[in-house]
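protein-v9.cif (mmCIF, C-alpha atoms) appears below.
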```
data_structure
loop_
_atom_site.label_atom_id
_atom_site.label_comp_id
_atom_site.auth_asym_id
_atom_site.auth_seq_id
_atom_site.Cartn_x
_atom_site.Cartn_y
_atom_site.Cartn_z
CA MET A 1 -54.14 -7.21 -0.54
CA LYS A 2 -52.59 -8.24 2.74
CA ALA A 3 -48.98 -9.36 2.96
CA HIS A 4 -46.42 -10.02 5.67
CA LEU A 5 -43.04 -8.31 5.74
CA THR A 6 -40.09 -9.51 7.81
CA ARG A 7 -36.96 -7.57 8.58
CA ARG A 8 -33.85 -8.92 10.32
CA TYR A 9 -31.66 -6.98 12.78
CA ARG A 10 -28.66 -7.91 14.88
CA PHE A 11 -27.46 -7.03 18.36
CA SER A 12 -25.01 -8.41 20.89
CA ALA A 13 -25.65 -8.66 24.61
CA SER A 14 -24.54 -10.53 27.70
CA HIS A 15 -26.62 -12.28 30.32
CA ARG A 16 -26.58 -14.76 33.16
CA LEU A 17 -29.44 -17.16 33.75
CA HIS A 18 -30.14 -17.27 37.46
CA SER A 19 -33.38 -17.27 39.42
CA ASP A 20 -33.59 -16.17 43.05
CA SER A 21 -36.47 -18.60 43.51
CA PHE A 22 -34.03 -21.52 43.24
CA SER A 23 -31.08 -22.49 45.44
CA ASP A 24 -27.56 -22.08 44.04
CA GLU A 25 -27.43 -25.81 43.44
CA GLU A 26 -30.77 -25.82 41.67
CA ASN A 27 -29.68 -22.87 39.52
CA ARG A 28 -26.55 -24.74 38.49
CA ALA A 29 -28.57 -27.85 37.73
CA ILE A 30 -31.22 -26.01 35.70
CA TYR A 31 -29.13 -23.47 33.81
CA GLY A 32 -25.79 -25.28 33.60
CA LYS A 33 -23.05 -23.15 31.99
CA CYS A 34 -25.52 -20.30 31.57
CA ASN A 35 -25.47 -19.88 35.37
CA ASN A 36 -21.79 -18.80 35.37
CA PRO A 37 -21.83 -15.79 37.74
CA TYR A 38 -19.64 -13.75 35.40
CA GLY A 39 -22.15 -14.06 32.58
CA HIS A 40 -21.62 -14.72 28.88
CA GLY A 41 -22.90 -13.24 25.62
CA HIS A 42 -24.57 -13.88 22.29
CA ASN A 43 -24.94 -12.34 18.88
CA TYR A 44 -28.71 -12.17 18.68
CA THR A 45 -30.62 -11.95 15.42
CA LEU A 46 -34.05 -10.36 15.67
CA GLU A 47 -36.75 -10.92 13.06
CA VAL A 48 -39.70 -8.54 13.17
CA THR A 49 -42.76 -9.50 11.10
CA VAL A 50 -45.47 -6.94 10.37
CA SER A 51 -48.56 -7.30 8.21
CA GLY A 52 -51.06 -5.07 6.49
CA GLU A 53 -52.68 -4.09 3.23
CA VAL A 54 -50.21 -3.22 0.47
CA ASP A 55 -50.73 0.51 -0.15
CA ARG A 56 -51.54 1.06 -3.83
CA SER A 57 -49.70 4.35 -3.94
CA THR A 58 -46.40 3.08 -2.51
CA GLY A 59 -46.58 -0.68 -3.13
CA MET A 60 -45.60 -1.15 0.50
CA ILE A 61 -47.13 -2.34 3.76
CA CYS A 62 -45.34 0.40 5.69
CA ASP A 63 -42.34 2.66 5.35
CA LEU A 64 -39.32 0.44 5.92
CA GLY A 65 -37.28 3.42 7.09
CA GLU A 66 -39.80 4.07 9.85
CA LEU A 67 -39.69 0.43 10.96
CA ASP A 68 -35.88 0.46 10.95
CA GLU A 69 -35.80 3.69 12.92
CA CYS A 70 -38.29 2.38 15.49
CA VAL A 71 -36.37 -0.87 16.00
CA ARG A 72 -33.07 1.01 16.22
CA ARG A 73 -34.41 3.50 18.76
CA GLU A 74 -36.54 1.16 20.87
CA ILE A 75 -34.66 -2.15 20.71
CA LEU A 76 -31.10 -1.86 19.44
CA GLU A 77 -30.27 1.23 21.52
CA ARG A 78 -31.73 -0.46 24.58
CA PHE A 79 -30.12 -3.88 24.27
CA ASP A 80 -27.12 -3.76 21.88
CA VAL A 81 -23.80 -4.18 23.69
CA GLU A 82 -25.56 -4.27 27.08
CA ASN A 83 -25.86 -6.64 29.99
CA LEU A 84 -29.46 -7.85 29.97
CA ASN A 85 -29.42 -8.65 33.71
CA VAL A 86 -29.15 -4.99 34.62
CA ARG A 87 -31.78 -3.70 32.20
CA ASN A 88 -35.00 -2.44 33.81
CA GLU A 89 -37.08 -3.97 31.02
CA LEU A 90 -36.19 -7.44 32.30
CA SER A 91 -36.09 -6.72 36.03
CA GLY A 92 -37.85 -9.42 38.01
CA SER A 93 -37.45 -12.00 35.25
CA VAL A 94 -34.62 -14.25 34.13
CA PRO A 95 -33.15 -12.84 30.87
CA THR A 96 -33.78 -15.96 28.86
CA THR A 97 -34.39 -15.48 25.16
CA GLU A 98 -38.02 -16.51 25.80
CA ASN A 99 -38.46 -13.55 28.15
CA LEU A 100 -36.46 -11.19 25.95
CA SER A 101 -38.61 -12.02 22.92
CA THR A 102 -41.82 -11.19 24.82
CA VAL A 103 -40.31 -7.92 26.10
CA ILE A 104 -39.28 -6.92 22.56
CA TYR A 105 -42.74 -7.82 21.26
CA GLN A 106 -44.43 -5.66 23.91
CA ILE A 107 -42.15 -2.68 23.24
CA LEU A 108 -42.70 -2.84 19.48
CA LYS A 109 -46.45 -3.39 19.89
CA ARG A 110 -46.55 -0.17 21.92
CA GLU A 111 -44.18 1.90 19.77
CA PHE A 112 -44.81 0.87 16.15
CA GLY A 113 -48.29 1.73 14.97
CA ARG A 114 -47.78 1.82 11.19
CA ALA A 115 -48.57 -1.86 10.60
CA HIS A 116 -49.84 -4.83 12.58
CA LEU A 117 -47.09 -6.59 14.56
CA GLU A 118 -47.44 -10.28 13.73
CA LYS A 119 -44.40 -11.85 15.30
CA VAL A 120 -41.05 -11.39 16.94
CA ARG A 121 -38.52 -14.15 16.35
CA LEU A 122 -35.23 -14.08 18.18
CA GLU A 123 -32.23 -16.25 17.37
CA GLU A 124 -29.90 -16.67 20.33
CA THR A 125 -27.50 -18.80 18.33
CA MET A 126 -27.70 -20.50 14.94
CA MET A 127 -29.18 -23.48 16.77
CA ASN A 128 -31.79 -21.76 19.00
CA SER A 129 -34.62 -19.46 18.10
CA PHE A 130 -37.75 -18.30 19.88
CA GLU A 131 -40.97 -16.83 18.52
CA TYR A 132 -43.64 -14.75 20.21
CA THR A 133 -46.87 -13.72 18.54
CA GLY A 134 -48.61 -12.06 21.49
CA ASN A 135 -51.29 -13.66 23.63
CA MET B 136 -54.35 -38.65 4.74
CA SER B 137 -51.48 -36.50 5.98
CA MET B 138 -51.25 -32.87 4.93
CA VAL B 139 -47.63 -31.99 4.24
CA TYR B 140 -46.02 -28.69 3.24
CA LEU B 141 -43.23 -28.66 0.66
CA THR B 142 -41.01 -25.67 -0.12
CA ARG B 143 -38.98 -25.19 -3.27
CA LYS B 144 -36.39 -22.44 -3.56
CA ALA B 145 -35.30 -20.55 -6.65
CA GLU B 146 -33.17 -17.52 -7.31
CA PHE B 147 -33.44 -14.71 -9.79
CA ALA B 148 -31.49 -11.52 -10.32
CA ALA B 149 -33.40 -8.46 -11.47
CA SER B 150 -33.33 -4.69 -11.44
CA HIS B 151 -36.07 -2.24 -10.54
CA TYR B 152 -36.85 1.23 -9.29
CA TYR B 153 -39.69 2.70 -7.31
CA HIS B 154 -41.76 5.47 -8.85
CA ASN B 155 -45.40 6.48 -8.66
CA PRO B 156 -46.31 8.66 -11.70
CA GLU B 157 -49.27 10.13 -9.77
CA LEU B 158 -46.85 11.81 -7.34
CA SER B 159 -44.52 14.73 -7.94
CA PRO B 160 -40.80 14.08 -8.52
CA GLU B 161 -40.11 15.59 -5.08
CA ASP B 162 -42.65 13.31 -3.38
CA ASN B 163 -41.22 10.28 -5.20
CA ARG B 164 -37.71 11.13 -4.03
CA ARG B 165 -38.89 11.76 -0.48
CA LEU B 166 -40.95 8.58 -0.34
CA PHE B 167 -38.62 6.16 -2.10
CA GLY B 168 -35.17 7.71 -1.52
CA LYS B 169 -32.37 6.06 -3.48
CA CYS B 170 -34.80 3.44 -4.81
CA ASN B 171 -36.34 6.22 -6.98
CA ASN B 172 -33.25 6.39 -9.24
CA PRO B 173 -34.83 5.88 -12.72
CA ASN B 174 -31.78 4.00 -13.97
CA GLY B 175 -32.68 1.22 -11.57
CA HIS B 176 -30.67 -0.97 -9.23
CA GLY B 177 -30.70 -4.70 -8.66
CA HIS B 178 -31.03 -7.56 -6.22
CA ASN B 179 -30.44 -11.26 -6.03
CA TYR B 180 -33.95 -12.32 -5.13
CA VAL B 181 -34.58 -15.66 -3.45
CA LEU B 182 -38.00 -17.16 -3.97
CA GLU B 183 -39.50 -19.80 -1.69
CA VAL B 184 -42.71 -21.38 -2.90
CA THR B 185 -44.57 -23.53 -0.38
CA VAL B 186 -47.28 -25.92 -1.52
CA LYS B 187 -49.45 -28.17 0.60
CA GLY B 188 -51.35 -31.34 0.04
CA ASP B 189 -51.97 -34.92 1.01
CA ILE B 190 -49.27 -37.48 0.39
CA ASN B 191 -50.14 -39.58 -2.64
CA PRO B 192 -50.15 -43.17 -1.29
CA ARG B 193 -48.65 -44.60 -4.51
CA SER B 194 -45.89 -42.07 -5.22
CA GLY B 195 -45.24 -40.87 -1.65
CA PHE B 196 -45.16 -37.32 -3.02
CA VAL B 197 -47.17 -34.21 -2.20
CA VAL B 198 -46.34 -32.79 -5.59
CA ASP B 199 -44.34 -33.78 -8.63
CA LEU B 200 -41.19 -31.74 -7.97
CA ARG B 201 -40.26 -31.72 -11.62
CA GLN B 202 -43.65 -30.22 -12.48
CA LEU B 203 -43.20 -27.58 -9.74
CA LYS B 204 -39.69 -26.76 -10.91
CA GLU B 205 -40.84 -26.41 -14.52
CA LEU B 206 -43.73 -24.20 -13.43
CA LEU B 207 -41.37 -21.90 -11.51
CA HIS B 208 -39.08 -21.67 -14.51
CA ARG B 209 -41.86 -21.04 -17.01
CA GLU B 210 -43.97 -18.61 -15.00
CA VAL B 211 -41.40 -16.79 -12.89
CA LEU B 212 -37.73 -17.25 -13.78
CA ASP B 213 -38.13 -16.98 -17.56
CA ALA B 214 -40.08 -13.75 -17.03
CA MET B 215 -38.08 -12.13 -14.22
CA ASP B 216 -34.51 -13.47 -14.16
CA HIS B 217 -32.02 -10.93 -15.51
CA ARG B 218 -34.80 -8.48 -16.32
CA PHE B 219 -35.60 -4.86 -15.56
CA LEU B 220 -38.88 -5.47 -13.76
CA ASN B 221 -40.42 -2.03 -14.44
CA ARG B 222 -39.96 -2.30 -18.21
CA GLU B 223 -40.07 -6.02 -18.97
CA VAL B 224 -42.62 -7.62 -16.67
CA PRO B 225 -46.21 -6.54 -17.53
CA GLU B 226 -47.50 -6.53 -13.93
CA PHE B 227 -45.04 -3.76 -13.13
CA PHE B 228 -45.95 -1.46 -16.00
CA THR B 229 -48.70 -0.09 -13.75
CA CYS B 230 -47.66 -1.31 -10.30
CA ILE B 231 -44.48 -0.52 -8.35
CA PRO B 232 -42.16 -3.58 -8.17
CA THR B 233 -41.72 -3.56 -4.39
CA THR B 234 -41.02 -6.87 -2.70
CA GLU B 235 -44.67 -6.88 -1.57
CA ASN B 236 -45.94 -6.55 -5.16
CA ILE B 237 -43.41 -9.05 -6.52
CA ALA B 238 -44.67 -11.66 -4.02
CA ILE B 239 -48.29 -10.96 -5.05
CA ALA B 240 -47.43 -11.12 -8.78
CA ILE B 241 -45.61 -14.44 -8.36
CA TRP B 242 -48.57 -15.85 -6.40
CA GLN B 243 -50.94 -14.82 -9.19
CA ARG B 244 -48.68 -16.41 -11.80
CA LEU B 245 -48.61 -19.72 -9.90
CA VAL B 246 -52.00 -20.12 -8.24
CA GLY B 247 -54.19 -22.87 -9.68
CA LYS B 248 -51.50 -24.22 -11.97
CA LEU B 249 -50.46 -27.30 -10.01
CA GLU B 250 -52.38 -30.50 -10.54
CA THR B 251 -52.18 -32.02 -7.09
CA ALA B 252 -50.88 -29.65 -4.44
CA LYS B 253 -52.32 -26.28 -3.39
CA LEU B 254 -50.26 -23.12 -3.25
CA HIS B 255 -49.77 -22.13 0.41
CA ARG B 256 -47.22 -19.33 0.55
CA VAL B 257 -44.94 -17.27 -1.67
CA ARG B 258 -41.93 -15.82 0.13
CA VAL B 259 -39.62 -13.41 -1.67
CA TYR B 260 -36.30 -12.34 -0.15
CA GLU B 261 -34.99 -9.06 -1.55
CA ASN B 262 -31.88 -9.71 0.54
CA PRO B 263 -31.19 -11.97 3.53
CA ASP B 264 -32.52 -9.31 5.93
CA LEU B 265 -35.80 -8.48 4.18
CA PHE B 266 -38.53 -10.76 2.95
CA VAL B 267 -42.26 -10.69 2.22
CA ASP B 268 -44.80 -13.51 2.60
CA PHE B 269 -48.06 -13.67 0.65
CA TYR B 270 -50.74 -16.25 1.42
CA GLY B 271 -53.30 -15.26 -1.19
CA GLU B 272 -56.27 -12.98 -1.01
CA GLY B 273 -58.34 -15.05 1.41
#
```

Step by step, read the file and then write its structure as structure tokens.
Amino acid sequence: MKAHLTRRYRFSASHRLHSDSFSDEENRAIYGKCNNPYGHGHNYTLEVTVSGEVDRSTGMICDLGELDECVRREILERFDVENLNVRNELSGSVPTTENLSTVIYQILKREFGRAHLEKVRLEETMMNSFEYTGN
Amino acid sequence: MSMVYLTRKAEFAASHYYHNPELSPEDNRRLFGKCNNPNGHGHNYVLEVTVKGDINPRSGFVVDLRQLKELLHREVLDAMDHRFLNREVPEFFTCIPTTENIAIAIWQRLVGKLETAKLHRVRVYENPDLFVDFYGEG
């Protein structure tokens, strides 16, 4: 029988929202306080949802330890206590939480093969969250 | 008619351990780690049951909440709250009480037992950072 499993993780990172395709004035108008040239930070909460058949032998969709280890190695070590603007993974794009959620989805899709990746949900604050389920 | 989804939460505290008798003790320890301790350990589980249906034009309800609450008490909480799942809940005599299997067992206890609304999802939180969703076998 198929079930969905969701695990939550936390990381902290800084960013500045600024696009070279806009003028300085346009950037200030579009991004407001998030355009502060010195940047600012968030405590992000990441939810990773995987799905699959529940293995009769283990009662599990996948080994939770393997999922934790993959997320730690591929996501938390990359982004925790980092400045997102200088990360290669986001080069060429504004480090909005929309873009970050798609980058995290693509990394996990590539690196975690033990279950089907259903969704990445990223909370930037308690008030904002973003979901990406692939194309 | 407007299809609306309604979610009711409930909590239960229970203990369990993970063990597959078809595997060796070493394999059980390797596979399940600390969760293989036969004395068990416990969690405060949070259950979210989501039902769906059309709004009844006379009552304005999707489901009689009192009926749903009583169903959750009778079928789930009375059976699982303050219990050792492996020894006291029949589904887990032959099936490991992982969060996945608990969600499936709760679904099977509830499905088809509401008069008006249809069961949509059973979500079981083992803790705030881990939960399983089950949408039925379809």

Subject >> the PyMOL selection byres ((chain A) within 7 of (chain B)) resolved against shown file, as JSON, numbers by chain >> reply: {"A": [1, 3, 4, 5, 6, 7, 8, 54, 57, 59, 60]}

Can you sort out the box for segment 183-201 of chain B, edges along x, y and z, all listed atoms in, 6 Å on every side, with centre and edge lengths in Å to one decimal, as AutoDock Vina command-line options?
```
--center_x -45.7 --center_y -32.2 --center_z -5.3 --size_x 24.5 --size_y 36.8 --size_z 24.6
```

Original post:
Do you have the atom CA of Ser129 of chain A-atom CA of Tyr9 of chain A distance handy?
Top reply: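 Result for atom CA of Ser129 of chain A versus atom CA of Tyr9 of chain A: 13.9 Å, one decimal.
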
Hits from the PyMOL selection byres ((chain A and resi 73-79) around 8), listed as a CSV table (one decimal) with C-alpha atoms, keeping the file's coordinate frame:
```
chain,number,residue,atom,x,y,z
A,10,ARG,CA,-28.7,-7.9,14.9
A,11,PHE,CA,-27.5,-7.0,18.4
A,12,SER,CA,-25.0,-8.4,20.9
A,13,ALA,CA,-25.6,-8.7,24.6
A,69,GLU,CA,-35.8,3.7,12.9
A,70,CYS,CA,-38.3,2.4,15.5
A,71,VAL,CA,-36.4,-0.9,16.0
A,72,ARG,CA,-33.1,1.0,16.2
A,80,ASP,CA,-27.1,-3.8,21.9
A,81,VAL,CA,-23.8,-4.2,23.7
A,82,GLU,CA,-25.6,-4.3,27.1
A,83,ASN,CA,-25.9,-6.6,30.0
A,84,LEU,CA,-29.5,-7.8,30.0
A,104,ILE,CA,-39.3,-6.9,22.6
A,107,ILE,CA,-42.2,-2.7,23.2
A,108,LEU,CA,-42.7,-2.8,19.5
A,111,GLU,CA,-44.2,1.9,19.8
```

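Take atom CA of Arg218 of chain B and atom CA of Val184 of chain B: the distance between them is 20.2 Å.
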
Rebuild segment 178-209 of chain B so that it carries N, CA and C atoms, then output the result as a PDB file, in the coordinates of the input.
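The resulting file, selection-v4.pdb, is shown below:
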```pdb
ATOM      1  N   HIS B 178     -31.117  -6.651  -7.366  1.00  0.00           N
ATOM      2  CA  HIS B 178     -31.030  -7.560  -6.220  1.00  0.00           C
ATOM      3  C   HIS B 178     -30.890  -8.992  -6.706  1.00  0.00           C
ATOM      4  N   ASN B 179     -30.330  -9.818  -5.840  1.00  0.00           N
ATOM      5  CA  ASN B 179     -30.440 -11.260  -6.030  1.00  0.00           C
ATOM      6  C   ASN B 179     -31.646 -11.716  -5.198  1.00  0.00           C
ATOM      7  N   TYR B 180     -32.744 -11.893  -5.843  1.00  0.00           N
ATOM      8  CA  TYR B 180     -33.950 -12.320  -5.130  1.00  0.00           C
ATOM      9  C   TYR B 180     -33.897 -13.830  -4.887  1.00  0.00           C
ATOM     10  N   VAL B 181     -34.397 -14.233  -3.726  1.00  0.00           N
ATOM     11  CA  VAL B 181     -34.580 -15.660  -3.450  1.00  0.00           C
ATOM     12  C   VAL B 181     -36.081 -15.885  -3.266  1.00  0.00           C
ATOM     13  N   LEU B 182     -36.580 -16.832  -4.009  1.00  0.00           N
ATOM     14  CA  LEU B 182     -38.000 -17.160  -3.970  1.00  0.00           C
ATOM     15  C   LEU B 182     -38.188 -18.494  -3.259  1.00  0.00           C
ATOM     16  N   GLU B 183     -39.111 -18.529  -2.317  1.00  0.00           N
ATOM     17  CA  GLU B 183     -39.500 -19.800  -1.690  1.00  0.00           C
ATOM     18  C   GLU B 183     -40.989 -19.995  -1.960  1.00  0.00           C
ATOM     19  N   VAL B 184     -41.314 -21.071  -2.623  1.00  0.00           N
ATOM     20  CA  VAL B 184     -42.710 -21.380  -2.900  1.00  0.00           C
ATOM     21  C   VAL B 184     -43.101 -22.601  -2.070  1.00  0.00           C
ATOM     22  N   THR B 185     -44.112 -22.423  -1.232  1.00  0.00           N
ATOM     23  CA  THR B 185     -44.570 -23.530  -0.380  1.00  0.00           C
ATOM     24  C   THR B 185     -45.923 -24.007  -0.875  1.00  0.00           C
ATOM     25  N   VAL B 186     -46.002 -25.319  -1.125  1.00  0.00           N
ATOM     26  CA  VAL B 186     -47.280 -25.920  -1.520  1.00  0.00           C
ATOM     27  C   VAL B 186     -47.681 -26.922  -0.447  1.00  0.00           C
ATOM     28  N   LYS B 187     -48.970 -27.225  -0.402  1.00  0.00           N
ATOM     29  CA  LYS B 187     -49.450 -28.170   0.600  1.00  0.00           C
ATOM     30  C   LYS B 187     -50.383 -29.171  -0.043  1.00  0.00           C
ATOM     31  N   GLY B 188     -50.440 -30.343   0.568  1.00  0.00           N
ATOM     32  CA  GLY B 188     -51.350 -31.340   0.040  1.00  0.00           C
ATOM     33  C   GLY B 188     -51.205 -32.651   0.781  1.00  0.00           C
ATOM     34  N   ASP B 189     -52.060 -33.583   0.424  1.00  0.00           N
ATOM     35  CA  ASP B 189     -51.970 -34.920   1.010  1.00  0.00           C
ATOM     36  C   ASP B 189     -50.898 -35.727   0.290  1.00  0.00           C
ATOM     37  N   ILE B 190     -50.280 -36.618   1.007  1.00  0.00           N
ATOM     38  CA  ILE B 190     -49.270 -37.480   0.390  1.00  0.00           C
ATOM     39  C   ILE B 190     -49.972 -38.527  -0.480  1.00  0.00           C
ATOM     40  N   ASN B 191     -49.587 -38.567  -1.737  1.00  0.00           N
ATOM     41  CA  ASN B 191     -50.140 -39.580  -2.640  1.00  0.00           C
ATOM     42  C   ASN B 191     -49.654 -40.957  -2.174  1.00  0.00           C
ATOM     43  N   PRO B 192     -50.583 -41.878  -1.867  1.00  0.00           N
ATOM     44  CA  PRO B 192     -50.150 -43.170  -1.290  1.00  0.00           C
ATOM     45  C   PRO B 192     -49.295 -44.003  -2.245  1.00  0.00           C
ATOM     46  N   ARG B 193     -49.438 -43.797  -3.556  1.00  0.00           N
ATOM     47  CA  ARG B 193     -48.650 -44.600  -4.510  1.00  0.00           C
ATOM     48  C   ARG B 193     -47.263 -44.012  -4.714  1.00  0.00           C
ATOM     49  N   SER B 194     -47.189 -42.664  -4.910  1.00  0.00           N
ATOM     50  CA  SER B 194     -45.890 -42.070  -5.220  1.00  0.00           C
ATOM     51  C   SER B 194     -45.132 -41.642  -3.963  1.00  0.00           C
ATOM     52  N   GLY B 195     -45.873 -41.404  -2.851  1.00  0.00           N
ATOM     53  CA  GLY B 195     -45.240 -40.870  -1.650  1.00  0.00           C
ATOM     54  C   GLY B 195     -44.937 -39.387  -1.751  1.00  0.00           C
ATOM     55  N   PHE B 196     -45.424 -38.743  -2.803  1.00  0.00           N
ATOM     56  CA  PHE B 196     -45.160 -37.320  -3.020  1.00  0.00           C
ATOM     57  C   PHE B 196     -46.382 -36.463  -2.674  1.00  0.00           C
ATOM     58  N   VAL B 197     -46.108 -35.214  -2.291  1.00  0.00           N
ATOM     59  CA  VAL B 197     -47.170 -34.210  -2.200  1.00  0.00           C
ATOM     60  C   VAL B 197     -47.389 -33.602  -3.575  1.00  0.00           C
ATOM     61  N   VAL B 198     -46.272 -33.419  -4.279  1.00  0.00           N
ATOM     62  CA  VAL B 198     -46.340 -32.790  -5.590  1.00  0.00           C
ATOM     63  C   VAL B 198     -45.208 -33.368  -6.435  1.00  0.00           C
ATOM     64  N   ASP B 199     -45.407 -33.385  -7.724  1.00  0.00           N
ATOM     65  CA  ASP B 199     -44.340 -33.780  -8.630  1.00  0.00           C
ATOM     66  C   ASP B 199     -43.336 -32.620  -8.686  1.00  0.00           C
ATOM     67  N   LEU B 200     -42.167 -32.834  -8.085  1.00  0.00           N
ATOM     68  CA  LEU B 200     -41.190 -31.740  -7.970  1.00  0.00           C
ATOM     69  C   LEU B 200     -40.737 -31.234  -9.329  1.00  0.00           C
ATOM     70  N   ARG B 201     -40.689 -32.145 -10.289  1.00  0.00           N
ATOM     71  CA  ARG B 201     -40.260 -31.720 -11.620  1.00  0.00           C
ATOM     72  C   ARG B 201     -41.287 -30.767 -12.220  1.00  0.00           C
ATOM     73  N   GLN B 202     -42.574 -31.094 -11.980  1.00  0.00           N
ATOM     74  CA  GLN B 202     -43.650 -30.220 -12.480  1.00  0.00           C
ATOM     75  C   GLN B 202     -43.570 -28.846 -11.792  1.00  0.00           C
ATOM     76  N   LEU B 203     -43.303 -28.850 -10.469  1.00  0.00           N
ATOM     77  CA  LEU B 203     -43.200 -27.580  -9.740  1.00  0.00           C
ATOM     78  C   LEU B 203     -42.011 -26.760 -10.239  1.00  0.00           C
ATOM     79  N   LYS B 204     -40.891 -27.450 -10.431  1.00  0.00           N
ATOM     80  CA  LYS B 204     -39.690 -26.760 -10.910  1.00  0.00           C
ATOM     81  C   LYS B 204     -39.911 -26.154 -12.291  1.00  0.00           C
ATOM     82  N   GLU B 205     -40.559 -26.919 -13.167  1.00  0.00           N
ATOM     83  CA  GLU B 205     -40.840 -26.410 -14.520  1.00  0.00           C
ATOM     84  C   GLU B 205     -41.793 -25.214 -14.473  1.00  0.00           C
ATOM     85  N   LEU B 206     -42.768 -25.303 -13.569  1.00  0.00           N
ATOM     86  CA  LEU B 206     -43.730 -24.200 -13.430  1.00  0.00           C
ATOM     87  C   LEU B 206     -43.014 -22.927 -12.977  1.00  0.00           C
ATOM     88  N   LEU B 207     -42.113 -23.074 -11.986  1.00  0.00           N
ATOM     89  CA  LEU B 207     -41.370 -21.900 -11.510  1.00  0.00           C
ATOM     90  C   LEU B 207     -40.516 -21.304 -12.619  1.00  0.00           C
ATOM     91  N   HIS B 208     -39.902 -22.166 -13.402  1.00  0.00           N
ATOM     92  CA  HIS B 208     -39.080 -21.670 -14.510  1.00  0.00           C
ATOM     93  C   HIS B 208     -39.937 -20.942 -15.541  1.00  0.00           C
ATOM     94  N   ARG B 209     -41.035 -21.586 -15.928  1.00  0.00           N
ATOM     95  CA  ARG B 209     -41.860 -21.040 -17.010  1.00  0.00           C
ATOM     96  C   ARG B 209     -42.535 -19.740 -16.598  1.00  0.00           C
TER      97      ARG B 209
END
```
